[in-house]
file target-v4.json (JSON, C-alpha atoms)
[["chain", "number", "residue", "atom", "x", "y", "z"],
["A", 5, "MET", "CA", -13.89, 2.13, -1.94],
["A", 6, "ILE", "CA", -10.53, 0.59, -1.08],
["A", 7, "GLY", "CA", -9.98, -3.10, -1.84],
["A", 8, "GLU", "CA", -12.03, -5.67, -3.70],
["A", 9, "VAL", "CA", -15.39, -4.88, -5.29],
["A", 10, "ALA", "CA", -18.22, -7.29, -4.54],
["A", 11, "ASN", "CA", -19.07, -9.74, -7.33],
["A", 12, "VAL", "CA", -16.07, -8.71, -9.45],
["A", 13, "ARG", "CA", -13.55, -11.46, -10.18],
["A", 14, "VAL", "CA", -9.93, -11.04, -11.19],
["A", 15, "GLY", "CA", -9.72, -11.36, -14.96],
["A", 16, "GLN", "CA", -13.08, -9.71, -15.58],
["A", 17, "VAL", "CA", -13.01, -7.84, -18.93],
["A", 18, "TYR", "CA", -14.91, -4.62, -19.68],
["A", 19, "SER", "CA", -15.29, -3.40, -23.24],
["A", 20, "THR", "CA", -15.20, 0.28, -22.21],
["A", 21, "ARG", "CA", -14.05, 2.49, -19.34],
["A", 22, "ARG", "CA", -17.70, 3.32, -18.66],
["A", 23, "MET", "CA", -18.46, -0.35, -18.00],
["A", 24, "ALA", "CA", -15.56, -0.50, -15.54],
["A", 25, "HIS", "CA", -16.94, 2.68, -13.96],
["A", 26, "GLU", "CA", -20.42, 1.20, -13.62],
["A", 27, "ALA", "CA", -18.97, -1.95, -12.04],
["A", 28, "GLY", "CA", -17.14, 0.20, -9.46],
["A", 29, "VAL", "CA", -13.72, -1.13, -10.45],
["A", 30, "HIS", "CA", -12.37, 2.24, -11.64],
["A", 31, "ARG", "CA", -14.73, 5.18, -11.22],
["A", 32, "PRO", "CA", -13.10, 7.97, -13.33],
["A", 33, "LEU", "CA", -13.91, 7.89, -17.04],
["A", 34, "GLN", "CA", -10.60, 9.52, -18.03],
["A", 35, "ALA", "CA", -8.16, 9.86, -15.11],
["A", 36, "GLY", "CA", -5.75, 6.99, -14.60],
["A", 37, "ILE", "CA", -5.70, 7.29, -10.80],
["A", 38, "CYS", "CA", -8.80, 7.20, -8.61],
["A", 39, "GLY", "CA", -8.41, 8.49, -5.05],
["A", 40, "THR", "CA", -7.37, 11.32, -2.77],
["A", 41, "MET", "CA", -4.60, 12.09, -0.32],
["A", 42, "ARG", "CA", -7.03, 11.45, 2.55],
["A", 43, "THR", "CA", -8.38, 8.09, 1.38],
["A", 44, "GLY", "CA", -5.52, 6.69, -0.66],
["A", 45, "ALA", "CA", -5.72, 5.37, -4.21],
["A", 46, "GLU", "CA", -8.70, 3.14, -4.95],
["A", 47, "SER", "CA", -7.53, 2.06, -8.41],
["A", 48, "ILE", "CA", -5.26, 2.79, -11.35],
["A", 49, "VAL", "CA", -5.43, 2.10, -15.08],
["A", 50, "VAL", "CA", -2.31, 0.80, -16.86],
["A", 51, "SER", "CA", -2.92, 1.65, -20.50],
["A", 52, "GLY", "CA", 0.21, 3.14, -22.05],
["A", 53, "GLY", "CA", -0.69, 6.74, -21.21],
["A", 54, "TYR", "CA", 2.87, 7.55, -20.06],
["A", 55, "LYS", "CA", 5.87, 6.36, -22.08],
["A", 56, "ASP", "CA", 7.94, 5.88, -18.90],
["A", 57, "ASP", "CA", 5.58, 3.17, -17.56],
["A", 58, "GLU", "CA", 7.01, -0.35, -17.26],
["A", 59, "ASP", "CA", 4.89, -3.48, -16.89],
["A", 60, "TYR", "CA", 6.35, -6.78, -15.67],
["A", 61, "GLY", "CA", 3.12, -8.52, -14.78],
["A", 62, "ASP", "CA", 3.42, -9.01, -11.02],
["A", 63, "VAL", "CA", 5.40, -5.75, -10.84],
["A", 64, "ILE", "CA", 4.36, -2.43, -12.36],
["A", 65, "VAL", "CA", 6.46, 0.74, -12.47],
["A", 66, "TYR", "CA", 3.69, 3.30, -12.80],
["A", 67, "THR", "CA", 4.27, 6.92, -13.76],
["A", 68, "GLY", "CA", 2.31, 9.44, -11.73],
["A", 69, "HIS", "CA", -0.14, 11.98, -13.07],
["A", 70, "GLY", "CA", 0.46, 15.44, -14.48],
["A", 71, "GLY", "CA", 2.69, 17.48, -16.74],
["A", 72, "GLN", "CA", 1.28, 16.35, -20.11],
["A", 73, "ASP", "CA", -0.25, 18.43, -22.89],
["A", 74, "ASN", "CA", -3.39, 17.42, -24.77],
["A", 75, "LYS", "CA", -1.29, 15.30, -27.15],
["A", 76, "GLY", "CA", 0.12, 13.16, -24.36],
["A", 77, "ARG", "CA", 3.58, 14.76, -24.37],
["A", 78, "GLN", "CA", 5.37, 15.49, -21.10],
["A", 79, "VAL", "CA", 5.87, 19.27, -21.12],
["A", 80, "ARG", "CA", 6.45, 20.11, -17.44],
["A", 81, "ASN", "CA", 7.49, 18.54, -14.16],
["A", 82, "GLN", "CA", 5.10, 16.41, -12.13],
["A", 83, "SER", "CA", 4.21, 17.35, -8.56],
["A", 84, "LEU", "CA", 3.38, 15.39, -5.45],
["A", 85, "ASP", "CA", 0.61, 17.94, -4.85],
["A", 86, "ASP", "CA", -1.37, 16.34, -7.67],
["A", 87, "PRO", "CA", -4.32, 14.53, -6.02],
["A", 88, "GLY", "CA", -3.62, 11.26, -7.85],
["A", 89, "ASN", "CA", 0.07, 11.19, -6.89],
["A", 90, "ALA", "CA", -0.79, 12.16, -3.30],
["A", 91, "ALA", "CA", -3.30, 9.30, -3.22],
["A", 92, "LEU", "CA", -0.66, 6.75, -4.24],
["A", 93, "ILE", "CA", 1.70, 8.07, -1.56],
["A", 94, "THR", "CA", -1.03, 7.58, 1.06],
["A", 95, "SER", "CA", -1.51, 4.02, -0.21],
["A", 96, "TYR", "CA", 2.23, 3.44, 0.29],
["A", 97, "LEU", "CA", 2.38, 5.03, 3.73],
["A", 98, "GLU", "CA", -0.75, 3.27, 4.98],
["A", 99, "GLY", "CA", -0.17, -0.09, 3.25],
["A", 100, "LEU", "CA", -3.49, 0.10, 1.40],
["A", 101, "PRO", "CA", -4.32, -2.17, -1.58],
["A", 102, "VAL", "CA", -4.84, -0.65, -5.02],
["A", 103, "ARG", "CA", -7.04, -2.18, -7.72],
["A", 104, "VAL", "CA", -5.27, -2.50, -11.10],
["A", 105, "LEU", "CA", -7.12, -2.26, -14.41],
["A", 106, "ARG", "CA", -5.08, -2.97, -17.55],
["A", 107, "GLY", "CA", -6.14, -1.45, -20.87],
["A", 108, "TYR", "CA", -5.62, -2.73, -24.40],
["A", 109, "GLN", "CA", -3.15, 0.10, -25.16],
["A", 110, "GLY", "CA", -0.67, -1.07, -22.53],
["A", 111, "ASP", "CA", 2.31, -3.42, -22.84],
["A", 112, "PRO", "CA", 1.10, -6.18, -25.21],
["A", 113, "SER", "CA", 2.76, -8.83, -23.04],
["A", 114, "TYR", "CA", 0.19, -8.21, -20.30],
["A", 115, "ALA", "CA", -2.57, -6.04, -21.79],
["A", 116, "PRO", "CA", -5.89, -7.54, -22.91],
["A", 117, "GLY", "CA", -6.49, -7.81, -26.64],
["A", 118, "SER", "CA", -9.33, -5.32, -26.35],
["A", 119, "GLY", "CA", -11.11, -3.32, -23.68],
["A", 120, "TYR", "CA", -9.99, -3.31, -20.07],
["A", 121, "ARG", "CA", -9.27, -6.17, -17.66],
["A", 122, "TYR", "CA", -9.38, -6.11, -13.88],
["A", 123, "ASP", "CA", -6.14, -7.68, -12.66],
["A", 124, "GLY", "CA", -6.64, -7.67, -8.89],
["A", 125, "LEU", "CA", -5.01, -5.99, -5.92],
["A", 126, "TYR", "CA", -1.48, -4.57, -5.86],
["A", 127, "ARG", "CA", 0.42, -2.74, -3.13],
["A", 128, "VAL", "CA", 2.66, 0.31, -3.54],
["A", 129, "THR", "CA", 6.08, -0.81, -2.32],
["A", 130, "ASN", "CA", 8.29, 2.09, -3.38],
["A", 131, "TYR", "CA", 8.22, 5.49, -5.06],
["A", 132, "GLY", "CA", 10.69, 8.11, -6.25],
["A", 133, "SER", "CA", 11.41, 10.79, -8.84],
["A", 134, "LYS", "CA", 13.61, 10.85, -11.94],
["A", 135, "LEU", "CA", 14.02, 12.67, -15.24],
["A", 136, "GLY", "CA", 11.64, 11.03, -17.67],
["A", 137, "ILE", "CA", 12.23, 10.20, -21.32],
["A", 138, "ASP", "CA", 11.01, 13.67, -22.31],
["A", 139, "GLY", "CA", 13.44, 15.40, -19.94],
["A", 140, "PHE", "CA", 11.00, 16.48, -17.21],
["A", 141, "LEU", "CA", 10.78, 15.37, -13.59],
["A", 142, "ILE", "CA", 8.32, 12.53, -13.10],
["A", 143, "TRP", "CA", 7.25, 10.52, -10.06],
["A", 144, "GLN", "CA", 7.08, 6.76, -10.37],
["A", 145, "PHE", "CA", 5.43, 4.20, -8.11],
["A", 146, "ARG", "CA", 6.36, 0.53, -7.90],
["A", 147, "LEU", "CA", 3.34, -1.72, -7.39],
["A", 148, "GLU", "CA", 3.56, -5.44, -6.65],
["A", 149, "ALA", "CA", 0.73, -7.96, -6.82],
["A", 150, "TYR", "CA", -0.40, -9.49, -3.53],
["A", 151, "ASP", "CA", 0.69, -13.09, -3.11],
["A", 152, "ASP", "CA", -2.89, -14.36, -3.45],
["A", 153, "THR", "CA", -3.72, -12.27, -6.51],
["A", 154, "PRO", "CA", -4.13, -14.52, -9.60],
["A", 155, "THR", "CA", -1.51, -13.44, -12.12],
["A", 156, "SER", "CA", -0.55, -14.14, -15.71],
["A", 157, "GLN", "CA", 1.43, -17.28, -16.56],
["A", 158, "VAL", "CA", 4.52, -16.06, -18.43],
["A", 159, "THR", "CA", 7.68, -17.59, -19.84],
["A", 160, "GLN", "CA", 10.31, -14.93, -20.49],
["A", 161, "GLN", "CA", 12.24, -13.20, -17.71],
["A", 162, "PRO", "CA", 12.54, -9.42, -18.13],
["A", 163, "GLU", "CA", 15.04, -7.55, -15.97],
["A", 164, "LEU", "CA", 13.32, -5.46, -13.33],
["A", 165, "PRO", "CA", 14.42, -1.81, -12.97],
["A", 166, "ALA", "CA", 17.30, -1.51, -10.50],
["A", 167, "THR", "CA", 16.14, 1.90, -9.30],
["A", 168, "PHE", "CA", 13.07, 0.30, -7.78],
["A", 169, "GLY", "CA", 14.86, -2.59, -6.06],
["A", 170, "GLU", "CA", 14.90, -6.30, -6.63],
["A", 171, "THR", "CA", 12.21, -8.92, -6.10],
["A", 172, "GLU", "CA", 12.70, -12.45, -4.84],
["A", 173, "SER", "CA", 10.95, -14.00, -7.85],
["A", 174, "ALA", "CA", 11.47, -12.71, -11.38],
["A", 175, "VAL", "CA", 8.47, -12.23, -13.65],
["A", 176, "THR", "CA", 8.35, -13.92, -17.05],
["A", 177, "GLY", "CA", 6.51, -13.28, -20.32],
["A", 178, "ASN", "CA", 4.11, -15.01, -22.70],
["A", 179, "GLU", "CA", 2.38, -13.74, -25.84],
["A", 180, "THR", "CA", -0.89, -15.41, -24.79],
["A", 181, "PRO", "CA", -0.95, -15.36, -20.97],
["A", 182, "GLU", "CA", -3.64, -17.35, -19.23],
["A", 183, "ARG", "CA", -5.25, -16.58, -15.90],
["A", 184, "VAL", "CA", -4.90, -18.82, -12.88],
["A", 185, "THR", "CA", -6.89, -18.77, -9.65],
["A", 186, "SER", "CA", -5.47, -19.34, -6.18],
["A", 187, "THR", "CA", -7.09, -19.45, -2.76],
["A", 188, "VAL", "CA", -5.37, -18.67, 0.55],
["A", 189, "GLN", "CA", -6.52, -18.28, 4.14],
["A", 190, "ARG", "CA", -5.36, -15.12, 5.86],
["A", 191, "ILE", "CA", -6.25, -12.88, 8.79],
["A", 192, "VAL", "CA", -8.16, -9.84, 7.59],
["A", 193, "ARG", "CA", -6.68, -6.80, 9.33],
["A", 194, "SER", "CA", -8.65, -3.59, 9.50],
["A", 195, "SER", "CA", -6.53, -0.88, 7.88],
["A", 196, "ALA", "CA", -9.06, 1.66, 9.16],
["A", 197, "VAL", "CA", -8.17, 0.74, 12.77],
["A", 198, "LYS", "CA", -4.46, 1.40, 12.30],
["A", 199, "ARG", "CA", -5.10, 4.55, 10.30],
["A", 200, "GLN", "CA", -7.31, 5.93, 13.06],
["A", 201, "VAL", "CA", -4.67, 5.36, 15.74],
["A", 202, "LYS", "CA", -1.93, 6.89, 13.59],
["A", 203, "GLN", "CA", -4.16, 9.88, 12.85],
["A", 204, "TRP", "CA", -4.84, 10.44, 16.55],
["A", 205, "HIS", "CA", -1.09, 10.58, 17.21],
["A", 206, "ASP", "CA", -0.22, 12.55, 14.06],
["A", 207, "ASN", "CA", 2.19, 9.76, 13.05],
["A", 208, "LYS", "CA", 4.37, 10.41, 16.12],
["A", 209, "CYS", "CA", 5.78, 7.32, 17.81],
["A", 210, "GLN", "CA", 4.13, 6.82, 21.20],
["A", 211, "ILE", "CA", 7.41, 5.53, 22.62],
["A", 212, "CYS", "CA", 10.14, 7.84, 21.25],
["A", 213, "ASN", "CA", 8.02, 10.68, 19.76],
["A", 214, "LEU", "CA", 9.74, 10.36, 16.35],
["A", 215, "ARG", "CA", 7.73, 11.53, 13.33],
["A", 216, "ILE", "CA", 9.33, 10.38, 10.08],
["A", 217, "GLU", "CA", 8.92, 12.94, 7.29],
["A", 218, "VAL", "CA", 9.01, 11.68, 3.69],
["A", 219, "PRO", "CA", 8.24, 13.44, 0.38],
["A", 220, "GLY", "CA", 4.49, 13.90, 0.32],
["A", 221, "GLY", "CA", 3.71, 13.01, 3.94],
["A", 222, "SER", "CA", 4.85, 11.31, 7.12],
["A", 223, "TYR", "CA", 5.28, 7.66, 8.09],
["A", 224, "SER", "CA", 4.48, 5.56, 11.12],
["A", 225, "GLU", "CA", 3.35, 2.00, 11.77],
["A", 226, "GLY", "CA", 0.36, 0.56, 13.56],
["A", 227, "ALA", "CA", 1.53, -2.14, 15.98],
["A", 228, "HIS", "CA", -0.84, -4.66, 17.51],
["A", 229, "VAL", "CA", -0.15, -5.03, 21.23],
["A", 230, "ARG", "CA", -1.65, -8.50, 21.53],
["A", 231, "ALA", "CA", -0.82, -10.29, 18.29],
["A", 232, "LEU", "CA", -3.61, -11.31, 15.93],
["A", 233, "GLY", "CA", -4.15, -14.97, 15.12],
["A", 234, "ALA", "CA", -3.34, -18.12, 17.04],
["A", 235, "PRO", "CA", -2.12, -18.57, 19.68],
["A", 236, "HIS", "CA", -2.59, -14.98, 20.90],
["A", 237, "ASN", "CA", -5.90, -14.12, 19.16],
["A", 238, "GLY", "CA", -5.78, -10.40, 19.89],
["A", 239, "PRO", "CA", -8.66, -8.11, 18.84],
["A", 240, "ASP", "CA", -8.31, -5.84, 15.82],
["A", 241, "THR", "CA", -9.40, -2.73, 17.72],
["A", 242, "THR", "CA", -7.92, 0.71, 18.35],
["A", 243, "GLY", "CA", -7.31, -0.26, 21.98],
["A", 244, "ASN", "CA", -4.97, -3.02, 20.80],
["A", 245, "VAL", "CA", -2.93, -0.84, 18.44],
["A", 246, "LEU", "CA", -0.06, 1.58, 19.12],
["A", 247, "CYS", "CA", 1.39, 4.19, 16.77],
["A", 248, "LEU", "CA", 5.13, 3.43, 16.56],
["A", 249, "CYS", "CA", 8.17, 4.21, 14.46],
["A", 250, "PRO", "CA", 9.73, 1.20, 12.66],
["A", 251, "ASN", "CA", 12.54, 0.79, 15.22],
["A", 252, "CYS", "CA", 10.24, 0.81, 18.23],
["A", 253, "HIS", "CA", 7.80, -1.46, 16.39],
["A", 254, "VAL", "CA", 10.47, -4.11, 15.87],
["A", 255, "MET", "CA", 11.64, -3.87, 19.48],
["A", 256, "PHE", "CA", 8.07, -4.03, 20.77],
["A", 257, "ASP", "CA", 7.16, -7.05, 18.64],
["A", 258, "ALA", "CA", 10.33, -8.86, 19.73],
["A", 259, "GLY", "CA", 9.87, -8.13, 23.46],
["A", 260, "ALA", "CA", 12.78, -5.69, 23.82],
["A", 261, "ILE", "CA", 10.14, -3.13, 24.86],
["A", 262, "VAL", "CA", 7.21, -3.82, 27.19],
["A", 263, "ILE", "CA", 4.74, -1.52, 28.93],
["A", 264, "GLU", "CA", 3.76, -1.47, 32.60],
["A", 265, "ASP", "CA", 0.21, -0.93, 33.83],
["A", 266, "ASP", "CA", 1.01, 2.71, 34.61],
["A", 267, "LEU", "CA", 2.19, 3.06, 30.95],
["A", 268, "THR", "CA", 5.87, 3.21, 31.87],
["A", 269, "VAL", "CA", 7.93, 2.03, 28.91],
["A", 270, "ILE", "CA", 10.51, -0.62, 29.79],
["A", 271, "ARG", "CA", 13.35, -0.91, 27.29],
["A", 272, "GLY", "CA", 16.07, -3.47, 27.88],
["A", 273, "GLY", "CA", 14.80, -4.02, 31.42],
["A", 274, "GLN", "CA", 15.08, -0.33, 32.34],
["A", 275, "PRO", "CA", 12.42, 2.43, 32.56],
["A", 276, "ALA", "CA", 12.53, 4.67, 29.48],
["A", 277, "GLY", "CA", 9.81, 7.23, 30.11],
["A", 278, "ALA", "CA", 6.05, 7.06, 29.75],
["A", 279, "LEU", "CA", 4.00, 5.96, 26.77],
["A", 280, "MET", "CA", 2.62, 9.01, 24.99],
["A", 281, "THR", "CA", -1.15, 9.04, 24.99],
["A", 282, "ASP", "CA", -4.14, 10.82, 23.51],
["A", 283, "PRO", "CA", -7.51, 11.11, 25.28],
["A", 284, "ARG", "CA", -9.26, 9.69, 22.20],
["A", 285, "HIS", "CA", -7.09, 6.57, 22.26],
["A", 286, "ILE", "CA", -8.19, 4.25, 25.08],
["A", 287, "ILE", "CA", -5.58, 1.52, 25.37],
["A", 288, "ASP", "CA", -6.74, -2.00, 26.20],
["A", 289, "MET", "CA", -4.77, -2.83, 29.35],
["A", 290, "GLU", "CA", -5.60, -6.54, 29.12],
["A", 291, "CYS", "CA", -3.73, -6.58, 25.82],
["A", 292, "VAL", "CA", -0.82, -4.69, 27.40],
["A", 293, "ARG", "CA", -0.63, -7.30, 30.20],
["A", 294, "HIS", "CA", -0.83, -10.15, 27.71],
["A", 295, "HIS", "CA", 2.09, -8.68, 25.74],
["A", 296, "ARG", "CA", 4.14, -8.17, 28.92],
["A", 297, "GLU", "CA", 3.50, -11.70, 30.18],
["A", 298, "ARG", "CA", 4.44, -13.11, 26.80],
["A", 299, "TRP", "CA", 7.93, -11.63, 27.16],
["A", 300, "ARG", "CA", 8.43, -12.13, 30.89],
["A", 301, "GLN", "CA", 11.95, -13.48, 31.58]]
call {"tool": "encode", "arguments": {"input": "target-v4.json", "output": "structure tokens"}}
result
Amino acid sequence: MIGEVANVRVGQVYSTRRMAHEAGVHRPLQAGICGTMRTGAESIVVSGGYKDDEDYGDVIVYTGHGGQDNKGRQVRNQSLDDPGNAALITSYLEGLPVRVLRGYQGDPSYAPGSGYRYDGLYRVTNYGSKLGIDGFLIWQFRLEAYDDTPTSQVTQQPELPATFGETESAVTGNETPERVTSTVQRIVRSSAVKRQVKQWHDNKCQICNLRIEVPGGSYSEGAHVRALGAPHNGPDTTGNVLCLCPNCHVMFDAGAIVIEDDLTVIRGGQPAGALMTDPRHIIDMECVRHHRERWRQ
């Protein structure tokens, strides 16, 4: 299951991996990544299993799976074909949340004193390969806590790894971090809706037909035609979602692209071909009209 687990609070501690398994927080009893390429990663365990891991609290640089011997030494290159690594790539491409469980063997600045602690939802914001400490190719994934995920209170500012970009707010450190709880109100978007539309179109942009290939998969974005939330209050349904490339998504959201009732694409006031369709994807024309009227000049 992707996302939160019912009746499990952030900060919940489990004395063993089996207890975390029984609670549904992290199902595997040994593997550090739970998930598949098709579903994405449900959860990961940060417990010092790979010496290249880096933990900054709100930001985790997590080493992918594979290439170790039975003594925990990296003895061969990692591959994106590994199911766990493929699952994390799907989580990145689809924008899916990943549950994070920290173990007592991890970085002592953030690890629990014993057992395993559920630390909430993180998102995969970046990934790439490098030569690891042991001299073999590894894949690393940068995960960042969601804004409404309770996080540790810390006091020392570690420098985040430049290879994985910068964050707006630096994370700090404390030998005895405490947990804080926050509550926010947000629109709950159905990731399954966007994923279905993108699957129907094989990640090809319905406006320009671009399919962006990246290591381990392909990338596209699900764009709501009629925006969710006030004042537009669009439905979170497949009929109100288009599969677009990032460029067309930005232009569509900003009104530089609109769609006529006959599905002609209008870019910059001029016809630019027809919207690409799939018989399984029934587009909600009321939402198309609402979007067009919103940007009428």
call {"tool": "atom_distance", "arguments": {"input": "target-v4.json", "atom1": "CA of Gly88 (chain A)", "atom2": "CA of Ser118 (chain A)"}}
result
25.5 Å
call {"tool": "residues_around", "arguments": {"input": "target-v4.json", "residues": "Leu97 (chain A)", "least_positions_apart": "2", "cutoff": "10 Å", "atoms": "only C-alpha atoms", "output": "VMD selection string"}}
result
chain A and resid 44 91 to 95 99 to 100 128 to 130 199 218 220 to 225
call {"tool": "residues_around", "arguments": {"input": "target-v4.json", "residues": "Glu297 (chain A)", "least_positions_apart": "6", "cutoff": "12 Å", "atoms": "all atoms listed in the file", "output": "PyMOL selection string"}}
result
chain A and resi 229-230+236+259+262-265+290-291
call {"tool": "atom_distance", "arguments": {"input": "target-v4.json", "atom1": "CA of Asp73 (chain A)", "atom2": "CA of Tyr108 (chain A)"}}
result
21.9 Å
call {"tool": "residues_near_point", "arguments": {"input": "target-v4.json", "point": "(9.0, -3.5, 20.9)", "cutoff": "10 Å", "atoms": "only C-alpha atoms", "output": "PDB file with C-alpha atoms, in the coordinates of the input"}}
result
ATOM      1  CA  ILE A 211       7.410   5.530  22.620  1.00  0.00           C
ATOM      2  CA  ALA A 227       1.530  -2.140  15.980  1.00  0.00           C
ATOM      3  CA  VAL A 229      -0.150  -5.030  21.230  1.00  0.00           C
ATOM      4  CA  LEU A 248       5.130   3.430  16.560  1.00  0.00           C
ATOM      5  CA  PRO A 250       9.730   1.200  12.660  1.00  0.00           C
ATOM      6  CA  ASN A 251      12.540   0.790  15.220  1.00  0.00           C
ATOM      7  CA  CYS A 252      10.240   0.810  18.230  1.00  0.00           C
ATOM      8  CA  HIS A 253       7.800  -1.460  16.390  1.00  0.00           C
ATOM      9  CA  VAL A 254      10.470  -4.110  15.870  1.00  0.00           C
ATOM     10  CA  MET A 255      11.640  -3.870  19.480  1.00  0.00           C
ATOM     11  CA  PHE A 256       8.070  -4.030  20.770  1.00  0.00           C
ATOM     12  CA  ASP A 257       7.160  -7.050  18.640  1.00  0.00           C
ATOM     13  CA  ALA A 258      10.330  -8.860  19.730  1.00  0.00           C
ATOM     14  CA  GLY A 259       9.870  -8.130  23.460  1.00  0.00           C
ATOM     15  CA  ALA A 260      12.780  -5.690  23.820  1.00  0.00           C
ATOM     16  CA  ILE A 261      10.140  -3.130  24.860  1.00  0.00           C
ATOM     17  CA  VAL A 262       7.210  -3.820  27.190  1.00  0.00           C
ATOM     18  CA  ILE A 263       4.740  -1.520  28.930  1.00  0.00           C
ATOM     19  CA  VAL A 269       7.930   2.030  28.910  1.00  0.00           C
ATOM     20  CA  ILE A 270      10.510  -0.620  29.790  1.00  0.00           C
ATOM     21  CA  ARG A 271      13.350  -0.910  27.290  1.00  0.00           C
ATOM     22  CA  GLY A 272      16.070  -3.470  27.880  1.00  0.00           C
ATOM     23  CA  HIS A 295       2.090  -8.680  25.740  1.00  0.00           C
TER      24      HIS A 295
END
call {"tool": "atom_distance", "arguments": {"input": "target-v4.json", "atom1": "CA of Lys134 (chain A)", "atom2": "CA of Arg146 (chain A)"}}
result
13.2 Å
call {"tool": "closest_residue", "arguments": {"input": "target-v4.json", "among": "A:Arg106, A:Arg80, A:Lys55, A:His69", "to": "Gln16 (chain A)", "atoms": "all atoms listed in the file"}}
result
A:Arg106
call {"tool": "closest_residue", "arguments": {"input": "target-v4.json", "among": "A:Arg284, A:His294, A:Arg21, A:Arg300", "to": "Ser51 (chain A)", "atoms": "all atoms listed in the file"}}
result
A:Arg21
call {"tool": "residues_around", "arguments": {"input": "target-v4.json", "residues": "Asp123 (chain A)", "least_positions_apart": "4", "cutoff": "6 Å", "atoms": "all atoms listed in the file", "output": "VMD selection string"}}
result
chain A and resid 14 to 15 104 to 105
call {"tool": "closest_residue", "arguments": {"input": "target-v4.json", "among": "A:Asp59, A:Leu214, A:Tyr54, A:Pro219", "to": "Tyr131 (chain A)", "atoms": "all atoms listed in the file"}}
result
A:Pro219
call {"tool": "axis_aligned_box", "arguments": {"input": "target-v4.json", "around": "region 85-92 of chain A", "padding_each_side": "4 Å", "output": "lines of an AutoDock Vina configuration file"}}
result
center_x = -1.9
center_y = 12.3
center_z = -5.5
size_x = 12.9
size_y = 19.2
size_z = 12.6
